[in-house]
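Colleague: Provided herewith: coords.txt, compact mmCIF, C-alpha atoms.
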```txt
# COMPACT_ATOMS: atom_id res chain seq x y z
CA MET A 953 -36.96 7.56 -6.98
CA ARG A 954 -34.05 5.60 -8.47
CA ILE A 955 -31.54 6.73 -11.09
CA LYS A 956 -30.11 4.09 -13.37
CA GLY A 957 -27.93 5.30 -16.18
CA LYS A 958 -29.67 8.34 -17.68
CA THR A 959 -33.15 7.25 -16.59
CA ILE A 960 -35.04 8.23 -13.44
CA PHE A 961 -37.46 5.57 -12.20
CA PHE A 962 -40.31 6.27 -9.76
CA ASP A 963 -41.20 3.72 -7.10
CA SER A 964 -44.68 5.31 -6.84
CA PRO A 965 -45.35 6.60 -10.36
CA PRO A 966 -47.03 10.05 -10.52
CA VAL A 967 -50.36 10.11 -12.35
CA ILE A 968 -51.67 12.43 -15.05
CA THR A 969 -55.20 12.95 -13.74
CA GLY A 970 -56.28 15.56 -16.27
CA HIS A 971 -55.03 16.94 -19.56
CA ALA A 972 -56.16 19.23 -22.34
CA GLY A 973 -54.93 20.46 -25.70
CA VAL A 974 -56.29 23.36 -27.74
CA ALA A 975 -55.26 24.45 -31.20
CA GLY A 976 -55.72 26.96 -34.00
CA LYS A 977 -57.52 26.81 -37.32
CA LYS A 978 -54.66 25.29 -39.33
CA GLU A 979 -54.15 22.48 -36.82
CA GLY A 980 -57.91 21.92 -36.81
CA GLU A 981 -57.67 21.15 -40.52
CA GLY A 982 -55.01 18.46 -40.02
CA PRO A 983 -55.11 14.75 -39.12
CA LEU A 984 -54.96 15.43 -35.36
CA ALA A 985 -58.09 17.61 -35.32
CA GLY A 986 -60.18 15.07 -33.45
CA ASP A 987 -57.64 14.85 -30.64
CA PHE A 988 -57.89 18.50 -29.60
CA ASP A 989 -60.27 19.57 -26.84
CA ALA A 990 -61.04 22.78 -28.71
CA VAL A 991 -60.09 24.38 -32.03
CA PHE A 992 -60.08 28.17 -32.32
CA ASP A 993 -60.81 29.52 -35.80
CA ASP A 994 -59.72 33.05 -34.89
CA THR A 995 -56.05 32.83 -33.93
CA SER A 996 -56.12 36.37 -32.48
CA MET A 997 -58.34 35.09 -29.66
CA GLY A 998 -59.90 38.55 -29.60
CA GLN A 999 -56.67 39.95 -28.14
CA GLN A 1000 -54.63 42.99 -29.16
CA SER A 1001 -51.50 41.01 -30.01
CA TYR A 1002 -50.54 37.48 -30.99
CA GLU A 1003 -48.47 37.18 -27.83
CA LEU A 1004 -51.57 37.85 -25.72
CA ALA A 1005 -53.49 35.41 -27.92
CA GLU A 1006 -50.94 32.73 -27.09
CA SER A 1007 -51.36 33.45 -23.39
CA ALA A 1008 -55.12 33.15 -23.75
CA MET A 1009 -54.76 29.72 -25.32
CA LEU A 1010 -52.49 28.46 -22.53
CA HIS A 1011 -54.85 29.83 -19.88
CA ASP A 1012 -57.71 27.99 -21.58
CA ALA A 1013 -55.77 24.71 -21.73
CA ILE A 1014 -54.80 24.91 -18.05
CA ILE A 1015 -58.37 25.61 -16.93
CA ARG A 1016 -59.64 22.69 -19.02
CA ALA A 1017 -57.02 20.31 -17.61
CA LEU A 1018 -57.85 21.35 -14.04
CA SER A 1019 -61.54 20.86 -14.74
CA TYR A 1020 -60.96 17.34 -16.07
CA ALA A 1021 -58.88 16.54 -12.96
CA HIS A 1022 -61.58 18.05 -10.69
CA LYS A 1023 -59.06 20.46 -9.22
CA SER A 1024 -59.21 24.18 -8.48
CA PRO A 1025 -56.21 26.51 -8.90
CA SER A 1026 -55.95 26.80 -5.10
CA GLU A 1027 -55.20 23.05 -4.89
CA VAL A 1028 -52.18 23.28 -7.19
CA ASN A 1029 -48.75 23.48 -5.56
CA MET A 1030 -47.03 24.93 -8.61
CA VAL A 1031 -47.20 25.33 -12.38
CA LEU A 1032 -44.31 24.47 -14.67
CA SER A 1033 -44.72 26.03 -18.09
CA GLY A 1034 -42.91 27.77 -20.88
CA ASP A 1035 -43.18 29.02 -24.44
CA LEU A 1036 -41.03 30.40 -27.25
CA LEU A 1037 -41.15 34.05 -26.18
CA ASP A 1038 -38.60 36.14 -24.30
CA GLN A 1039 -38.69 35.50 -20.55
CA CYS A 1040 -41.57 33.03 -21.04
CA MET A 1041 -44.00 35.95 -21.23
CA GLY A 1042 -46.69 33.81 -22.85
CA SER A 1043 -46.82 31.68 -19.73
CA ALA A 1044 -46.48 34.65 -17.38
CA PHE A 1045 -49.59 36.39 -18.70
CA ALA A 1046 -51.52 33.11 -18.87
CA LEU A 1047 -50.90 32.50 -15.17
CA LYS A 1048 -51.06 36.00 -13.67
CA ASP A 1049 -54.70 35.72 -12.57
CA LEU A 1050 -54.51 32.15 -11.22
CA GLU A 1051 -52.31 32.96 -8.19
CA ILE A 1052 -50.38 29.68 -8.43
CA PRO A 1053 -46.62 29.52 -7.75
CA SER A 1054 -44.94 29.36 -11.14
CA ILE A 1055 -41.69 27.90 -12.44
CA GLY A 1056 -40.76 29.04 -15.94
CA LEU A 1057 -39.13 26.53 -18.26
CA PHE A 1058 -37.60 27.01 -21.69
CA GLY A 1059 -36.99 23.88 -23.70
CA ALA A 1060 -38.22 25.15 -27.07
CA CYS A 1061 -39.96 22.19 -28.72
CA SER A 1062 -39.26 19.96 -25.72
CA THR A 1063 -40.95 22.19 -23.12
CA MET A 1064 -44.04 19.98 -22.69
CA ALA A 1065 -41.92 16.89 -22.12
CA LEU A 1066 -39.57 18.88 -19.89
CA SER A 1067 -42.42 20.18 -17.72
CA LEU A 1068 -43.87 16.68 -17.37
CA CYS A 1069 -40.48 15.28 -16.35
CA VAL A 1070 -39.72 18.00 -13.81
CA GLY A 1071 -43.31 17.94 -12.53
CA SER A 1072 -43.13 14.20 -11.97
CA ILE A 1073 -39.94 14.59 -9.94
CA LEU A 1074 -41.60 17.29 -7.81
CA VAL A 1075 -44.65 15.10 -7.16
CA ASP A 1076 -42.42 12.16 -6.30
CA SER A 1077 -40.57 14.49 -3.90
CA GLY A 1078 -43.69 15.49 -1.99
CA ALA A 1079 -45.80 17.91 -4.05
CA LYS A 1080 -49.50 16.98 -4.07
CA CYS A 1081 -50.53 18.51 -7.38
CA VAL A 1082 -48.48 20.06 -10.17
CA VAL A 1083 -49.58 21.48 -13.53
CA ALA A 1084 -47.37 21.14 -16.60
CA GLY A 1085 -47.99 23.19 -19.71
CA THR A 1086 -46.66 24.90 -22.81
CA SER A 1087 -47.81 27.02 -25.73
CA SER A 1088 -46.70 28.46 -29.04
CA HIS A 1089 -48.18 30.62 -31.77
CA PHE A 1090 -47.11 30.81 -35.38
CA CYS A 1091 -47.37 34.59 -35.57
CA SER A 1092 -45.59 35.35 -32.28
CA SER A 1093 -42.85 32.84 -33.11
CA GLU A 1094 -42.25 34.36 -36.53
CA ARG A 1095 -41.79 37.75 -34.90
CA GLN A 1096 -39.54 36.28 -32.22
CA PHE A 1097 -37.22 34.20 -34.38
CA ARG A 1098 -37.52 35.35 -37.99
CA PHE A 1099 -39.48 38.35 -39.31
CA PRO A 1100 -42.83 39.89 -38.34
CA LEU A 1101 -45.58 38.83 -40.73
CA GLU A 1102 -46.07 42.49 -41.63
CA TYR A 1103 -42.60 42.44 -43.19
CA GLY A 1104 -43.87 40.15 -45.93
CA GLY A 1105 -40.68 38.11 -46.21
CA GLN A 1106 -40.68 35.06 -48.47
CA ARG A 1107 -40.59 31.73 -46.68
CA PRO A 1108 -38.01 29.19 -47.95
CA PRO A 1109 -39.17 25.65 -48.87
CA THR A 1110 -37.61 24.12 -45.73
CA SER A 1111 -39.26 26.50 -43.25
CA GLN A 1112 -41.64 24.93 -40.75
CA TRP A 1113 -44.98 26.22 -39.53
CA THR A 1114 -44.83 26.66 -35.75
CA VAL A 1115 -47.84 25.23 -33.94
CA THR A 1116 -50.54 27.62 -32.80
CA GLY A 1117 -51.81 25.82 -29.73
CA ALA A 1118 -51.35 25.00 -26.06
CA GLY A 1119 -51.36 21.93 -23.88
CA SER A 1120 -51.55 21.22 -20.17
CA SER A 1121 -51.50 18.23 -17.83
CA VAL A 1122 -52.28 17.84 -14.13
CA ILE A 1123 -49.85 15.56 -12.29
CA GLU A 1124 -50.76 14.09 -8.91
CA TYR A 1125 -49.30 11.58 -6.47
CA ALA A 1126 -52.25 9.24 -6.89
CA GLY A 1127 -55.48 8.96 -8.84
CA GLU A 1128 -56.89 7.62 -12.09
CA GLY A 1129 -54.98 8.22 -15.28
CA ILE A 1130 -51.74 7.64 -17.11
CA LYS A 1131 -48.85 6.74 -14.81
CA ILE A 1132 -45.38 8.17 -15.40
CA LYS A 1133 -43.08 5.32 -14.42
CA ALA A 1134 -39.80 6.84 -15.57
CA VAL A 1135 -38.33 9.93 -17.21
CA GLN A 1136 -35.14 10.63 -19.11
CA PHE A 1137 -33.73 14.06 -19.91
CA GLY A 1138 -32.15 14.52 -23.31
CA THR A 1139 -28.55 15.30 -24.02
CA ILE A 1140 -27.28 17.93 -26.46
CA THR A 1141 -26.67 16.58 -29.96
CA ASP A 1142 -25.09 18.78 -32.66
CA LEU A 1143 -24.87 17.34 -36.16
CA GLY A 1144 -23.64 20.61 -37.63
CA ILE A 1145 -26.91 21.94 -39.08
CA THR A 1146 -26.43 25.68 -39.75
CA ASP A 1147 -29.58 26.56 -41.73
CA ALA A 1148 -31.81 28.58 -39.36
CA ASN A 1149 -34.78 27.96 -41.66
CA ASN A 1150 -34.47 24.17 -41.49
CA MET A 1151 -35.48 23.28 -37.95
CA GLY A 1152 -36.54 19.81 -39.06
CA ALA A 1153 -32.96 18.79 -39.76
CA ALA A 1154 -31.70 20.35 -36.52
CA MET A 1155 -34.28 18.48 -34.43
CA ALA A 1156 -34.04 15.17 -36.29
CA PRO A 1157 -31.96 13.43 -33.55
CA VAL A 1158 -34.95 13.49 -31.20
CA SER A 1159 -36.82 11.22 -33.59
CA ALA A 1160 -33.94 8.82 -34.12
CA ILE A 1161 -34.26 5.07 -34.07
CA LEU A 1162 -32.52 4.19 -30.81
CA ARG A 1163 -30.82 0.83 -30.99
CA PRO A 1164 -30.29 -0.86 -27.57
CA GLN A 1165 -26.87 -2.24 -26.79
CA SER A 1166 -26.14 -4.40 -23.75
CA SER A 1167 -28.65 -2.63 -21.50
CA VAL A 1168 -31.67 -0.41 -21.70
CA GLN A 1169 -29.65 2.65 -20.70
CA ASN A 1170 -27.21 2.51 -23.63
CA TYR A 1171 -28.09 3.36 -27.21
CA VAL A 1172 -26.29 3.89 -30.51
CA LEU A 1173 -27.12 7.14 -32.30
CA THR A 1174 -25.65 7.74 -35.75
CA PRO A 1175 -26.68 10.08 -38.56
CA LYS A 1176 -27.71 7.07 -40.64
CA ASN A 1177 -30.44 5.98 -38.24
CA LEU A 1178 -32.12 9.37 -37.96
CA ILE A 1179 -35.71 9.81 -39.10
CA ALA A 1180 -36.39 13.45 -39.96
CA PHE A 1181 -40.01 14.39 -39.97
CA LEU A 1182 -41.93 17.63 -40.16
CA ILE A 1183 -45.06 18.19 -38.11
CA SER A 1184 -47.23 21.09 -39.20
CA SER A 1185 -49.29 21.09 -36.20
CA PRO A 1186 -50.93 25.94 -33.99
CA PHE A 1187 -57.76 30.16 -31.79
CA LYS A 1188 -60.60 32.45 -30.71
CA PHE A 1189 -62.83 32.63 -27.76
CA SER A 1190 -66.29 33.80 -29.00
CA ASN A 1191 -68.34 31.98 -31.57
CA SER A 1192 -65.65 30.36 -33.72
CA VAL A 1193 -64.42 27.87 -31.13
CA ARG A 1194 -65.21 24.28 -32.03
CA GLU A 1195 -65.43 21.83 -29.16
CA THR A 1196 -64.28 18.38 -30.23
CA ASP A 1197 -65.59 14.94 -29.32
CA SER A 1198 -62.92 14.56 -26.63
CA LEU A 1199 -64.95 16.87 -24.38
```
I need this file expressed as structure tokens, please.
Modeller:
Amino acid sequence: MRIKGKTIFFDSPPVITGHAGVAGKKEGEGPLAGDFDAVFDDTSMGQQSYELAESAMLHDAIIRALSYAHKSPSEVNMVLSGDLLDQCMGSAFALKDLEIPSIGLFGACSTMALSLCVGSILVDSGAKCVVAGTSSHFCSSERQFRFPLEYGGQRPPTSQWTVTGAGSSVIEYAGEGIKIKAVQFGTITDLGITDANNMGAAMAPVSAILRPQSSVQNYVLTPKNLIAFLISSPFKFSNSVRETDSL
């Protein structure tokens, strides 16, 4: 592992040997529908709360990813996962029956990238197999950050629709799959956005056009070169699950 500027390079790139993504009904109606491994039409997942439904989706995604990588939970050194709930409870309940050492991460919308980055470093440092994952649910997120749906509050025009879905990847030292040659952790950028209902504007820097200067490690980031975009991207176990072609 070599660090140059803000980028970490791997001499023996870790490999994503299995991955899976599952989503809810709304996401299944969007342009990415064909990329999901499963779409759940009942976003309650047959559970008693939306928080438990979110956990069920993450559990499903992890099991699928392990299956694609031909790995059992007992072969995994650790799981790195997180969600948008207090104390990462969505991940905690998703993992409680798998008996895999767990590291909770909270990066909000960056949690999947964060888990992949940290997981790659762990594999490069000697771990044989690491699972990275994250989840979110529109209904649990509304209750966590704004108002419970039962409140019936009016949504402003700039409010986003939090994804109802979960994703997971299996990272190994060697194997067939996508290689992670380098990772770079983001830095905090504050452009003074104060509207709690306009997350798109607050997160716009992550989608900026990065203009290289003298070297690959240095970039110019100004408000003028930001590209703000909104992604409306969120299940049920029983008969309303739709397996997609990616299976």
Colleague: Report, as lines of an AutoDock Vina configuration file, the axis-aligned box around all atoms of region 1031-1043 of chain A present in the file, extended by 4 Å on each side; give centre and edge lengths in Å to one decimal place.
Modeller:
```
center_x = -42.9
center_y = 30.3
center_z = -19.8
size_x = 16.6
size_y = 19.7
size_z = 22.9
```
Colleague: Compile the contact shell of region 1078-1093 of chain A as a ChimeraX atom specification: residues with an atom at most 6 Å away, counting only C-alpha atoms, same-chain residues fewer than 4 positions apart removed.
Modeller: /A:1002-1003,1006,1010,1028-1035,1064,1067-1068,1074,1097,1114-1125,1186
Colleague: Nearest to Val1075 (chain A) among A:Gly1056, A:Ser1024, A:Asp987, A:Ile1132, with distances taken over all atoms listed in the file: which residue is it?
Modeller: A:Ile1132
Colleague: Just how far from CA of Val974 (chain A) is CA of His1011 (chain A), in Å to one decimal?
Modeller: 10.3 Å
Colleague: Compile the contact shell of Ser996 (chain A) as a PyMOL selection string: residues with an atom at most 10 Å away, counting only C-alpha atoms, same-chain residues fewer than 3 positions apart removed.
Modeller: chain A and resi 976+992-993+999-1006+1008-1009+1089+1091+1187-1189
Colleague: Between A:Asp994, A:Asp1038, A:Glu1051, A:Asp963, which is the closest to Ala975 (chain A) once you count only C-alpha atoms?
Modeller: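 Once distances to Ala975 (chain A) are computed over only C-alpha atoms, the minimum belongs to A:Asp994.
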Colleague: Mind checking which residues fall within 6 Å of region 1016-1021 of chain A, counting all atoms listed in the file, ignoring those fewer than 6 positions away in the same chain, and posting them as a PyMOL selection string?
Modeller: chain A and resi 969-972+1121
Colleague: Looking at only C-alpha atoms, which of A:Ser964, A:Ser1062, A:Gln1112, A:Asn1149 is the one that sits closest to Leu1036 (chain A)?
Modeller: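 Under the stated criterion, the closest residue is A:Ser1062.
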Colleague: I want to know what sits within 6 Å of Phe961 (chain A), based on all atoms listed in the file, with residues of the same chain fewer than 3 positions away left out; could you give that as a list in words?
Modeller: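 The neighbour list is Met953, Arg954 and Ala1134 of chain A.
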Colleague: Using all atoms listed in the file, which protein or nucleic acid residues come within 12 Å of Ile955 (chain A)? Drop anything in the same chain fewer than 4 positions from it, and give the result as a list of chain:residue names.
Modeller: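 Result of the neighbour search: A:Thr959, A:Ile960, A:Phe961, A:Phe962, A:Asp963, A:Ile1073, A:Ala1134, A:Val1135, A:Gln1136, A:Phe1137, A:Gln1169.
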Colleague: Please return, as a list in words, all polymer residues that have at least one atom within 9 Å of the point (-36.8, 25.1, -44.0); use only C-alpha atoms and the file's own coordinate frame.
Modeller: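 Result, sorted by chain then residue number: Arg1107, Pro1108, Pro1109, Thr1110, Ser1111, Gln1112, Asp1147, Ala1148, Asn1149, Asn1150, Met1151, Gly1152 and Ala1153 of chain A.
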Colleague: Could you check the closest approach to Phe988 (chain A) for each of A:Ala1013, A:Ala1126, A:Ala1156, A:Ile1145 and tell me which residue wins, using all atoms listed in the file?
Modeller: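 The shortest atom-to-atom distance to Phe988 (chain A) comes from A:Ala1013.
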Colleague: Return region 1092-1104 of chain A, completed with N, CA, C and O atoms, as an mmCIF file, in the frame of the given file.
Modeller:
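What follows is the written file rebuild_34.cif:
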```cif
data_model
loop_
_atom_site.group_PDB
_atom_site.id
_atom_site.type_symbol
_atom_site.label_atom_id
_atom_site.label_comp_id
_atom_site.auth_asym_id
_atom_site.auth_seq_id
_atom_site.Cartn_x
_atom_site.Cartn_y
_atom_site.Cartn_z
ATOM 1 N N SER A 1092 -46.523 34.837 -33.286
ATOM 2 C CA SER A 1092 -45.590 35.350 -32.280
ATOM 3 C C SER A 1092 -44.205 34.749 -32.470
ATOM 4 O O SER A 1092 -43.181 35.411 -32.247
ATOM 5 N N SER A 1093 -44.147 33.492 -32.889
ATOM 6 C CA SER A 1093 -42.850 32.840 -33.110
ATOM 7 C C SER A 1093 -42.130 33.428 -34.315
ATOM 8 O O SER A 1093 -40.899 33.583 -34.298
ATOM 9 N N GLU A 1094 -42.873 33.732 -35.373
ATOM 10 C CA GLU A 1094 -42.250 34.360 -36.530
ATOM 11 C C GLU A 1094 -41.625 35.695 -36.149
ATOM 12 O O GLU A 1094 -40.524 36.037 -36.576
ATOM 13 N N ARG A 1095 -42.322 36.460 -35.337
ATOM 14 C CA ARG A 1095 -41.790 37.750 -34.900
ATOM 15 C C ARG A 1095 -40.588 37.568 -33.974
ATOM 16 O O ARG A 1095 -39.645 38.365 -34.005
ATOM 17 N N GLN A 1096 -40.616 36.516 -33.171
ATOM 18 C CA GLN A 1096 -39.540 36.280 -32.220
ATOM 19 C C GLN A 1096 -38.267 35.785 -32.895
ATOM 20 O O GLN A 1096 -37.168 36.242 -32.575
ATOM 21 N N PHE A 1097 -38.393 34.869 -33.834
ATOM 22 C CA PHE A 1097 -37.220 34.200 -34.380
ATOM 23 C C PHE A 1097 -36.866 34.570 -35.813
ATOM 24 O O PHE A 1097 -35.729 34.391 -36.221
ATOM 25 N N ARG A 1098 -37.820 35.052 -36.602
ATOM 26 C CA ARG A 1098 -37.520 35.350 -37.990
ATOM 27 C C ARG A 1098 -37.917 36.794 -38.306
ATOM 28 O O ARG A 1098 -37.230 37.728 -37.942
ATOM 29 N N PHE A 1099 -39.037 37.000 -38.982
ATOM 30 C CA PHE A 1099 -39.480 38.350 -39.310
ATOM 31 C C PHE A 1099 -40.957 38.493 -38.981
ATOM 32 O O PHE A 1099 -41.722 37.528 -39.125
ATOM 33 N N PRO A 1100 -41.394 39.682 -38.547
ATOM 34 C CA PRO A 1100 -42.830 39.890 -38.340
ATOM 35 C C PRO A 1100 -43.588 39.634 -39.636
ATOM 36 O O PRO A 1100 -43.075 39.890 -40.728
ATOM 37 N N LEU A 1101 -44.800 39.123 -39.527
ATOM 38 C CA LEU A 1101 -45.580 38.830 -40.730
ATOM 39 C C LEU A 1101 -45.798 40.078 -41.569
ATOM 40 O O LEU A 1101 -45.895 40.008 -42.796
ATOM 41 N N GLU A 1102 -45.857 41.239 -40.909
ATOM 42 C CA GLU A 1102 -46.070 42.490 -41.630
ATOM 43 C C GLU A 1102 -44.925 42.806 -42.596
ATOM 44 O O GLU A 1102 -45.091 43.558 -43.556
ATOM 45 N N TYR A 1103 -43.764 42.221 -42.339
ATOM 46 C CA TYR A 1103 -42.600 42.440 -43.190
ATOM 47 C C TYR A 1103 -42.807 41.846 -44.578
ATOM 48 O O TYR A 1103 -42.293 42.349 -45.581
ATOM 49 N N GLY A 1104 -43.572 40.761 -44.638
ATOM 50 C CA GLY A 1104 -43.870 40.150 -45.930
ATOM 51 C C GLY A 1104 -42.714 39.374 -46.534
ATOM 52 O O GLY A 1104 -42.624 39.246 -47.760
#
```
